[in-house]
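A.B. asks: One structure, pasted below without further comment.
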Amino acid sequence: MKNILKIATLFLVFTAFWSCTNDKDPVAGGTAFELRKDALVTPPTVFSEANKSDTFAILNWDRSTYGVSSVPKYYVVISDQANPANEVVLPDLVIDTEADSRTSTLSVDDLNTAMNQLPSFNCNQMNIDIKIKSILGISSNSIPQYSNPISVAVTGYPKTPLALAFVKDSGDPNAALKLASSSFLTNSDYEGYMYLEPGNYKFYQPDACGDYTSPTVYGLTAGSLVAGGSDSFNVAVAGHYFVKANLSSTATNGVPALSYAISSFTSFGIFGTAKGVPFATNRPMTYNSTTKKWELTFELFKGRKFRFKSVNGNPAVSLLGAGSTSGVLNHYPLTDLATSAGDIRVPGTDDGSKQNYVITLDTNTPRNYTYELVAN
């Protein structure tokens, strides 16, 4: 027995010695390999839509070294020097590791889009670090290495939809309810749902950085929407309103230039075959003043479809239906009430049976209207 123990002990000692002297463990270094950029490229430092296709940098770097033969994956990453812990990976610039390609072309749009994802993003000049991150392994066992940073001072521009505040007289535009446009490129289709108290209101447009320190204020002159207009829009009765505005000097999609529409509605509801006959009749939802969401508990036909509409008594005010993202809704023209545009399908097979659901509609965030179906 003693001999067995001695042999086992010698084996363990030999194994440990062999492992220590022959294995090369993967190493994660702070700056493990060198990153360079092509000095022939002269990039713009102030970004805009006009120069978004310009090449900002052509990057190339050495292989990262882990002491093993496996080829790592390389990623272009950026961070704000003022908040270096917030790192953004540029997903479209993942490098082809099979070919061991270690070069990447970074456009102005690539960098500006990534900067917009930083929590500290602003449209003043920012000091940005560009690095290459290599990853060996997957999931929780991955081993990262970073190149040296290339530091740049650049001014990006926001790519979020434009905002417009609807402000009660003497109110704070920062705290006021907001409308949003469909993109950062257009100011012709602002919209938003809101609960308004009685009073006089005007539209406040922030500067290009979204700051309301020196806004452009749109009021009414002879009933028309005008920058600097002295008259306000009067809300006589507290309630729910769907507000739209076009600040463009030209008509867009049939909406007149420099126009607005403020439509009151009494409730949101559902309609469609999932509701049951009569299909076109609205089933009203209840507004929860605590959560500020519309709610309805109702038995829906499995496998059938429905949409949401706001109404003022009987006339429809707006129509919401399925968007390209699950749970997110898009606006549809009221002319689509008679079509199937934006139908939302209830889970299950259309076999005539029903399922009880808690239906919740959230219209608090303009241009990001969402719903939930929770089975009871």
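Every chain in the structure tokens has a letter given in the order shown (A, B, ...), and although residue numbers restart at 1 in each chain, ligands are simply numbered from 1 in the order shown.
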Please list as a PyMOL selection string every residue within 7 Å of Lys131 (chain A), counting only C-alpha atoms and excluding residues in the same chain fewer than 3 positions away.
C.D. replies: chain A and resi 76-78+146-150
A.B. asks: Tell me, as a short mmCIF file (atom, residue, chain, number, x, y, z; two decimals) with N, CA, C and O atoms, in the first residue's frame, which residues lie within 9 Å of Pro44 (chain A), counting only C-alpha atoms; anything in the same chain fewer than 4 positions away does not count.
C.D. replies:
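This is the output file selection-v6.cif:
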```
data_model
loop_
_atom_site.label_atom_id
_atom_site.label_comp_id
_atom_site.auth_asym_id
_atom_site.auth_seq_id
_atom_site.Cartn_x
_atom_site.Cartn_y
_atom_site.Cartn_z
N ASN A 51 -20.95 64.07 -45.09
CA ASN A 51 -19.66 63.38 -45.17
C ASN A 51 -19.68 61.99 -44.54
O ASN A 51 -18.63 61.40 -44.29
N ASP A 54 -17.54 59.23 -46.06
CA ASP A 54 -16.09 59.42 -46.13
C ASP A 54 -15.37 58.38 -45.28
O ASP A 54 -15.88 57.93 -44.25
N THR A 55 -14.18 58.02 -45.70
CA THR A 55 -13.36 57.10 -44.90
C THR A 55 -12.75 57.88 -43.75
O THR A 55 -12.10 58.92 -43.94
N PHE A 56 -12.97 57.39 -42.55
CA PHE A 56 -12.39 58.03 -41.38
C PHE A 56 -10.99 57.48 -41.08
O PHE A 56 -10.08 58.23 -40.75
N VAL A 108 -16.99 57.46 -41.58
CA VAL A 108 -17.56 58.46 -40.65
C VAL A 108 -18.86 57.95 -40.06
O VAL A 108 -19.11 58.08 -38.85
N VAL A 154 -13.37 64.28 -32.10
CA VAL A 154 -14.35 64.40 -33.17
C VAL A 154 -15.68 64.92 -32.62
O VAL A 154 -15.98 64.79 -31.43
#
```
A.B. asks: Excluding Asn187 (chain A) and residues on its chain fewer than 2 positions from it, collect all residues at most 12 Å away from it, counting only C-alpha atoms, and give them as a ChimeraX atom specification.
C.D. replies: /A:161-164,179-185,189-191,205-206,208,244-252,255,257-259
A.B. asks: Selection from above, N, CA, C and O atoms, as a short mmCIF file (atom, residue, chain, number, x, y, z; two decimals), in the first residue's frame, can you write it?
C.D. replies:
```cif
data_model
loop_
_atom_site.label_atom_id
_atom_site.label_comp_id
_atom_site.auth_asym_id
_atom_site.auth_seq_id
_atom_site.Cartn_x
_atom_site.Cartn_y
_atom_site.Cartn_z
N PRO A 161 -34.53 60.17 -33.38
CA PRO A 161 -35.59 61.02 -33.95
C PRO A 161 -35.62 62.40 -33.29
O PRO A 161 -35.32 62.54 -32.09
N LEU A 162 -35.95 63.42 -34.07
CA LEU A 162 -36.03 64.77 -33.54
C LEU A 162 -37.19 64.89 -32.56
O LEU A 162 -38.23 64.23 -32.72
N ALA A 163 -37.01 65.72 -31.54
CA ALA A 163 -38.04 65.90 -30.52
C ALA A 163 -38.61 67.32 -30.59
O ALA A 163 -37.94 68.26 -31.02
N LEU A 164 -39.85 67.44 -30.17
CA LEU A 164 -40.54 68.73 -30.15
C LEU A 164 -41.39 68.75 -28.87
O LEU A 164 -42.19 67.83 -28.65
N LEU A 179 -43.26 65.38 -28.64
CA LEU A 179 -43.59 64.72 -29.89
C LEU A 179 -42.26 64.25 -30.49
O LEU A 179 -41.20 64.77 -30.15
N ALA A 180 -42.31 63.29 -31.39
CA ALA A 180 -41.10 62.82 -32.06
C ALA A 180 -41.35 62.69 -33.55
O ALA A 180 -42.45 62.35 -33.99
N SER A 181 -40.32 62.96 -34.33
CA SER A 181 -40.40 62.76 -35.77
C SER A 181 -40.01 61.31 -36.09
O SER A 181 -39.55 60.58 -35.22
N SER A 182 -40.17 60.92 -37.33
CA SER A 182 -39.86 59.55 -37.71
C SER A 182 -38.37 59.28 -37.79
O SER A 182 -37.94 58.13 -37.73
N SER A 183 -37.54 60.34 -37.94
CA SER A 183 -36.10 60.15 -37.98
C SER A 183 -35.41 61.47 -37.69
O SER A 183 -36.06 62.54 -37.63
N PHE A 184 -34.08 61.41 -37.55
CA PHE A 184 -33.31 62.62 -37.29
C PHE A 184 -33.16 63.48 -38.53
O PHE A 184 -32.63 64.59 -38.47
N LEU A 185 -33.66 62.99 -39.67
CA LEU A 185 -33.52 63.72 -40.93
C LEU A 185 -34.75 64.53 -41.29
O LEU A 185 -34.72 65.29 -42.26
N ASP A 189 -43.00 65.38 -39.61
CA ASP A 189 -44.03 64.43 -39.18
C ASP A 189 -43.95 64.13 -37.68
O ASP A 189 -43.98 62.99 -37.26
N TYR A 190 -43.85 65.19 -36.88
CA TYR A 190 -43.86 65.02 -35.43
C TYR A 190 -45.22 64.49 -34.97
O TYR A 190 -46.27 64.89 -35.50
N GLU A 191 -45.21 63.62 -33.95
CA GLU A 191 -46.47 63.14 -33.39
C GLU A 191 -46.25 62.66 -31.96
O GLU A 191 -45.13 62.35 -31.54
N GLN A 205 -39.00 73.93 -30.21
CA GLN A 205 -38.03 73.12 -30.95
C GLN A 205 -36.64 73.36 -30.36
O GLN A 205 -36.15 74.50 -30.31
N PRO A 206 -35.94 72.30 -29.91
CA PRO A 206 -34.60 72.48 -29.34
C PRO A 206 -33.57 72.72 -30.44
O PRO A 206 -33.89 72.64 -31.63
N ALA A 208 -29.86 71.70 -32.39
CA ALA A 208 -29.46 70.45 -33.04
C ALA A 208 -28.96 69.41 -32.04
O ALA A 208 -28.90 68.23 -32.36
N LYS A 244 -50.04 66.33 -33.68
CA LYS A 244 -49.15 66.21 -34.84
C LYS A 244 -48.69 67.61 -35.24
O LYS A 244 -49.40 68.60 -35.02
N ALA A 245 -47.49 67.68 -35.84
CA ALA A 245 -46.99 68.97 -36.32
C ALA A 245 -46.03 68.74 -37.49
O ALA A 245 -45.30 67.75 -37.53
N ASN A 246 -46.06 69.68 -38.43
CA ASN A 246 -45.13 69.69 -39.56
C ASN A 246 -44.42 71.04 -39.54
O ASN A 246 -45.03 72.07 -39.81
N LEU A 247 -43.13 71.04 -39.19
CA LEU A 247 -42.36 72.29 -39.14
C LEU A 247 -41.63 72.56 -40.45
O LEU A 247 -40.88 73.53 -40.55
N SER A 248 -41.83 71.71 -41.42
CA SER A 248 -41.18 71.89 -42.72
C SER A 248 -41.91 72.97 -43.52
O SER A 248 -43.11 73.19 -43.35
N SER A 249 -41.16 73.62 -44.40
CA SER A 249 -41.76 74.66 -45.25
C SER A 249 -42.44 74.08 -46.48
O SER A 249 -42.97 74.82 -47.31
N THR A 250 -42.42 72.75 -46.58
CA THR A 250 -43.10 72.09 -47.70
C THR A 250 -44.03 71.01 -47.17
O THR A 250 -43.82 70.45 -46.09
N ALA A 251 -45.06 70.73 -47.93
CA ALA A 251 -45.98 69.66 -47.56
C ALA A 251 -45.28 68.31 -47.68
O ALA A 251 -44.44 68.10 -48.56
N THR A 252 -45.60 67.39 -46.79
CA THR A 252 -44.99 66.06 -46.80
C THR A 252 -46.07 65.01 -46.62
O THR A 252 -46.84 65.06 -45.66
N VAL A 255 -49.42 66.17 -45.79
CA VAL A 255 -49.57 67.05 -44.62
C VAL A 255 -49.10 68.44 -45.00
O VAL A 255 -47.96 68.62 -45.46
N ALA A 257 -47.58 72.22 -45.20
CA ALA A 257 -46.42 72.84 -44.58
C ALA A 257 -46.83 73.66 -43.37
O ALA A 257 -47.92 74.26 -43.34
N LEU A 258 -45.96 73.69 -42.36
CA LEU A 258 -46.18 74.49 -41.15
C LEU A 258 -47.62 74.36 -40.65
O LEU A 258 -48.35 75.35 -40.52
N SER A 259 -47.98 73.11 -40.38
CA SER A 259 -49.34 72.84 -39.91
C SER A 259 -49.31 71.99 -38.66
O SER A 259 -48.28 71.42 -38.29
#
```
A.B. asks: How many Å separate CA of Asn116 (chain A) from CA of Thr45 (chain A)?
C.D. replies: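 A separation of 15.5 Å between them.
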A.B. asks: Counting only C-alpha atoms, give me one row per residue of region 227-326 of chain A with an atom at most 7 Å from an atom of region 354-369 of chain A, showing the shortest contact pair and its distance in Å to one decimal, sorted by chain then residue number, as JSON lines.
C.D. replies:
```
{"residue": "A:Lys293", "atom": "CA", "partner": "A:Asp362", "partner_atom": "CA", "distance": 5.0}
{"residue": "A:Trp294", "atom": "CA", "partner": "A:Leu361", "partner_atom": "CA", "distance": 5.0}
{"residue": "A:Glu295", "atom": "CA", "partner": "A:Thr360", "partner_atom": "CA", "distance": 4.6}
{"residue": "A:Leu296", "atom": "CA", "partner": "A:Ile359", "partner_atom": "CA", "distance": 5.1}
{"residue": "A:Thr297", "atom": "CA", "partner": "A:Val358", "partner_atom": "CA", "distance": 4.4}
{"residue": "A:Phe298", "atom": "CA", "partner": "A:Asn356", "partner_atom": "CA", "distance": 5.5}
{"residue": "A:Glu299", "atom": "CA", "partner": "A:Asn356", "partner_atom": "CA", "distance": 4.1}
{"residue": "A:Leu300", "atom": "CA", "partner": "A:Lys354", "partner_atom": "CA", "distance": 5.3}
{"residue": "A:Phe301", "atom": "CA", "partner": "A:Lys354", "partner_atom": "CA", "distance": 4.3}
{"residue": "A:Lys302", "atom": "CA", "partner": "A:Lys354", "partner_atom": "CA", "distance": 5.4}
```
A.B. asks: Near Phe279 (chain A), counting only C-alpha atoms, which residues have an atom at most 10 Å away, once you skip same-chain residues fewer than 6 positions from it, shown as a PyMOL selection string?
C.D. replies: chain A and resi 270-273+306
A.B. asks: Please provide as a PyMOL selection string all residues within 6 Å of Gly229 (chain A), with the sequence filter that same-chain residues fewer than 2 positions apart are discarded (counting only C-alpha atoms).
C.D. replies: chain A and resi 218-221+226-227+231
A.B. asks: Could the residues in this selection be saved with all heavy atoms as a PDB file, in the first residue's frame?
C.D. replies:
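Listing of result-v1.pdb after writing:
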```pdb
ATOM      1  N   TYR A 218     -42.736  77.928 -31.649  1.00  0.00           N
ATOM      2  CA  TYR A 218     -43.754  78.025 -32.697  1.00  0.00           C
ATOM      3  C   TYR A 218     -45.115  78.271 -32.050  1.00  0.00           C
ATOM      4  O   TYR A 218     -45.604  77.463 -31.261  1.00  0.00           O
ATOM      5  CB  TYR A 218     -43.804  76.742 -33.525  1.00  0.00           C
ATOM      6  CG  TYR A 218     -42.663  76.594 -34.491  1.00  0.00           C
ATOM      7  CD1 TYR A 218     -41.425  76.118 -34.069  1.00  0.00           C
ATOM      8  CD2 TYR A 218     -42.810  76.931 -35.834  1.00  0.00           C
ATOM      9  CE1 TYR A 218     -40.368  75.987 -34.953  1.00  0.00           C
ATOM     10  CE2 TYR A 218     -41.759  76.799 -36.736  1.00  0.00           C
ATOM     11  CZ  TYR A 218     -40.537  76.328 -36.285  1.00  0.00           C
ATOM     12  OH  TYR A 218     -39.489  76.194 -37.165  1.00  0.00           O
ATOM     13  N   GLY A 219     -45.695  79.416 -32.394  1.00  0.00           N
ATOM     14  CA  GLY A 219     -47.044  79.735 -31.960  1.00  0.00           C
ATOM     15  C   GLY A 219     -47.947  79.884 -33.172  1.00  0.00           C
ATOM     16  O   GLY A 219     -47.618  79.440 -34.275  1.00  0.00           O
ATOM     17  N   LEU A 220     -49.077  80.525 -32.975  1.00  0.00           N
ATOM     18  CA  LEU A 220     -50.052  80.693 -34.052  1.00  0.00           C
ATOM     19  C   LEU A 220     -50.149  82.155 -34.464  1.00  0.00           C
ATOM     20  O   LEU A 220     -50.130  83.053 -33.616  1.00  0.00           O
ATOM     21  CB  LEU A 220     -51.422  80.195 -33.601  1.00  0.00           C
ATOM     22  CG  LEU A 220     -51.510  78.732 -33.151  1.00  0.00           C
ATOM     23  CD1 LEU A 220     -52.916  78.416 -32.667  1.00  0.00           C
ATOM     24  CD2 LEU A 220     -51.110  77.800 -34.282  1.00  0.00           C
ATOM     25  N   THR A 221     -50.233  82.362 -35.753  1.00  0.00           N
ATOM     26  CA  THR A 221     -50.526  83.681 -36.305  1.00  0.00           C
ATOM     27  C   THR A 221     -51.623  83.492 -37.347  1.00  0.00           C
ATOM     28  O   THR A 221     -51.420  82.778 -38.338  1.00  0.00           O
ATOM     29  CB  THR A 221     -49.285  84.319 -36.951  1.00  0.00           C
ATOM     30  OG1 THR A 221     -48.284  84.529 -35.946  1.00  0.00           O
ATOM     31  CG2 THR A 221     -49.636  85.664 -37.586  1.00  0.00           C
ATOM     32  N   VAL A 226     -46.387  79.305 -36.845  1.00  0.00           N
ATOM     33  CA  VAL A 226     -45.330  80.226 -37.261  1.00  0.00           C
ATOM     34  C   VAL A 226     -44.279  80.311 -36.162  1.00  0.00           C
ATOM     35  O   VAL A 226     -44.610  80.400 -34.975  1.00  0.00           O
ATOM     36  CB  VAL A 226     -45.897  81.638 -37.544  1.00  0.00           C
ATOM     37  CG1 VAL A 226     -44.790  82.610 -37.908  1.00  0.00           C
ATOM     38  CG2 VAL A 226     -46.944  81.581 -38.640  1.00  0.00           C
ATOM     39  N   ALA A 227     -42.989  80.284 -36.565  1.00  0.00           N
ATOM     40  CA  ALA A 227     -41.914  80.516 -35.598  1.00  0.00           C
ATOM     41  C   ALA A 227     -42.060  81.930 -35.056  1.00  0.00           C
ATOM     42  O   ALA A 227     -42.100  82.898 -35.797  1.00  0.00           O
ATOM     43  CB  ALA A 227     -40.561  80.335 -36.267  1.00  0.00           C
ATOM     44  N   ASP A 231     -49.777  83.876 -30.769  1.00  0.00           N
ATOM     45  CA  ASP A 231     -50.949  83.203 -30.222  1.00  0.00           C
ATOM     46  C   ASP A 231     -50.629  81.755 -29.853  1.00  0.00           C
ATOM     47  O   ASP A 231     -49.748  81.114 -30.438  1.00  0.00           O
ATOM     48  CB  ASP A 231     -52.100  83.226 -31.222  1.00  0.00           C
ATOM     49  CG  ASP A 231     -52.610  84.631 -31.485  1.00  0.00           C
ATOM     50  OD1 ASP A 231     -52.399  85.503 -30.613  1.00  0.00           O
ATOM     51  OD2 ASP A 231     -53.192  84.859 -32.557  1.00  0.00           O
TER      52      ASP A 231
END
```
A.B. asks: Would you mind listing what lies within 12 Å of Thr335 (chain A) as a PDB file with C-alpha atoms, in the first residue's frame, with only C-alpha atoms counted and same-chain residues fewer than 2 positions away left out?
C.D. replies:
```pdb
ATOM      1  CA  ALA A 316     -61.659  56.953 -35.260  1.00  0.00           C
ATOM      2  CA  VAL A 317     -58.795  59.339 -34.481  1.00  0.00           C
ATOM      3  CA  SER A 318     -55.761  57.095 -35.081  1.00  0.00           C
ATOM      4  CA  LEU A 319     -54.869  53.520 -36.022  1.00  0.00           C
ATOM      5  CA  HIS A 331     -49.167  54.177 -37.197  1.00  0.00           C
ATOM      6  CA  TYR A 332     -51.327  53.456 -40.223  1.00  0.00           C
ATOM      7  CA  PRO A 333     -53.556  55.873 -42.178  1.00  0.00           C
ATOM      8  CA  LEU A 337     -59.279  50.737 -41.161  1.00  0.00           C
ATOM      9  CA  ALA A 338     -60.996  48.799 -43.935  1.00  0.00           C
ATOM     10  CA  THR A 339     -57.854  46.816 -44.863  1.00  0.00           C
ATOM     11  CA  SER A 340     -55.707  44.296 -42.996  1.00  0.00           C
ATOM     12  CA  ALA A 341     -52.678  46.595 -42.691  1.00  0.00           C
TER      13      ALA A 341
END
```
A.B. asks: Got a sec: who's within 9 Å of Ser267 (chain A), counting only C-alpha atoms, leaving out chain neighbours fewer than 2 positions off, as a PDB file with C-alpha atoms, in the first residue's frame?
C.D. replies:
```pdb
ATOM      1  CA  HIS A 240     -56.326  62.593 -24.061  1.00  0.00           C
ATOM      2  CA  PHE A 265     -59.980  61.069 -28.128  1.00  0.00           C
ATOM      3  CA  GLY A 269     -59.745  49.967 -28.068  1.00  0.00           C
ATOM      4  CA  PRO A 284     -62.819  50.082 -25.354  1.00  0.00           C
ATOM      5  CA  MET A 285     -59.835  49.824 -23.039  1.00  0.00           C
ATOM      6  CA  THR A 286     -59.501  51.515 -19.639  1.00  0.00           C
ATOM      7  CA  TYR A 287     -56.817  54.099 -18.909  1.00  0.00           C
ATOM      8  CA  TRP A 294     -54.428  51.461 -21.574  1.00  0.00           C
ATOM      9  CA  LYS A 309     -57.653  52.429 -32.672  1.00  0.00           C
ATOM     10  CA  SER A 310     -58.320  55.573 -30.706  1.00  0.00           C
ATOM     11  CA  VAL A 311     -61.799  57.017 -30.955  1.00  0.00           C
ATOM     12  CA  ASN A 312     -63.685  60.165 -30.050  1.00  0.00           C
ATOM     13  CA  GLY A 313     -67.100  58.729 -29.453  1.00  0.00           C
TER      14      GLY A 313
END
```
A.B. asks: Just the number, please: distance in Å from CA of Pro119 (chain A) to CA of Gly210 (chain A), one decimal.
C.D. replies: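 Rounded to one decimal, the two atoms are 15.1 Å apart.
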A.B. asks: What does the distance from CA of Phe121 (chain A) to CA of Pro43 (chain A) come to in Å, to one decimal?
C.D. replies: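 A separation of 20.0 Å between them.
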A.B. asks: Using backbone DSSP assignments, extract all alpha helix (DSSP H) residues from region 106-205 of chain A; output them as a compact mmCIF listing (two decimals) with C-alpha atoms, in the first residue's frame.
C.D. replies:
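So out29.txt came out as:
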```
# COMPACT_ATOMS: atom_id res chain seq x y z
CA VAL A 108 -17.56 58.46 -40.65
CA ASP A 109 -20.98 56.82 -40.41
CA ASP A 110 -19.49 53.76 -38.66
CA LEU A 111 -17.87 55.90 -35.99
CA ASN A 112 -20.78 58.32 -35.58
CA THR A 113 -23.30 55.47 -35.23
CA ALA A 114 -21.13 53.82 -32.56
CA MET A 115 -20.66 57.13 -30.72
CA ASN A 116 -24.45 57.52 -30.57
```
A.B. asks: Based on DSSP run over this structure's backbone, return all residues of region 208-276 of chain A in strand (DSSP E or B), as a PyMOL selection string.
C.D. replies: chain A and resi 216-221+224-227+231+233-235+239-246+252+255+259-265+267-271
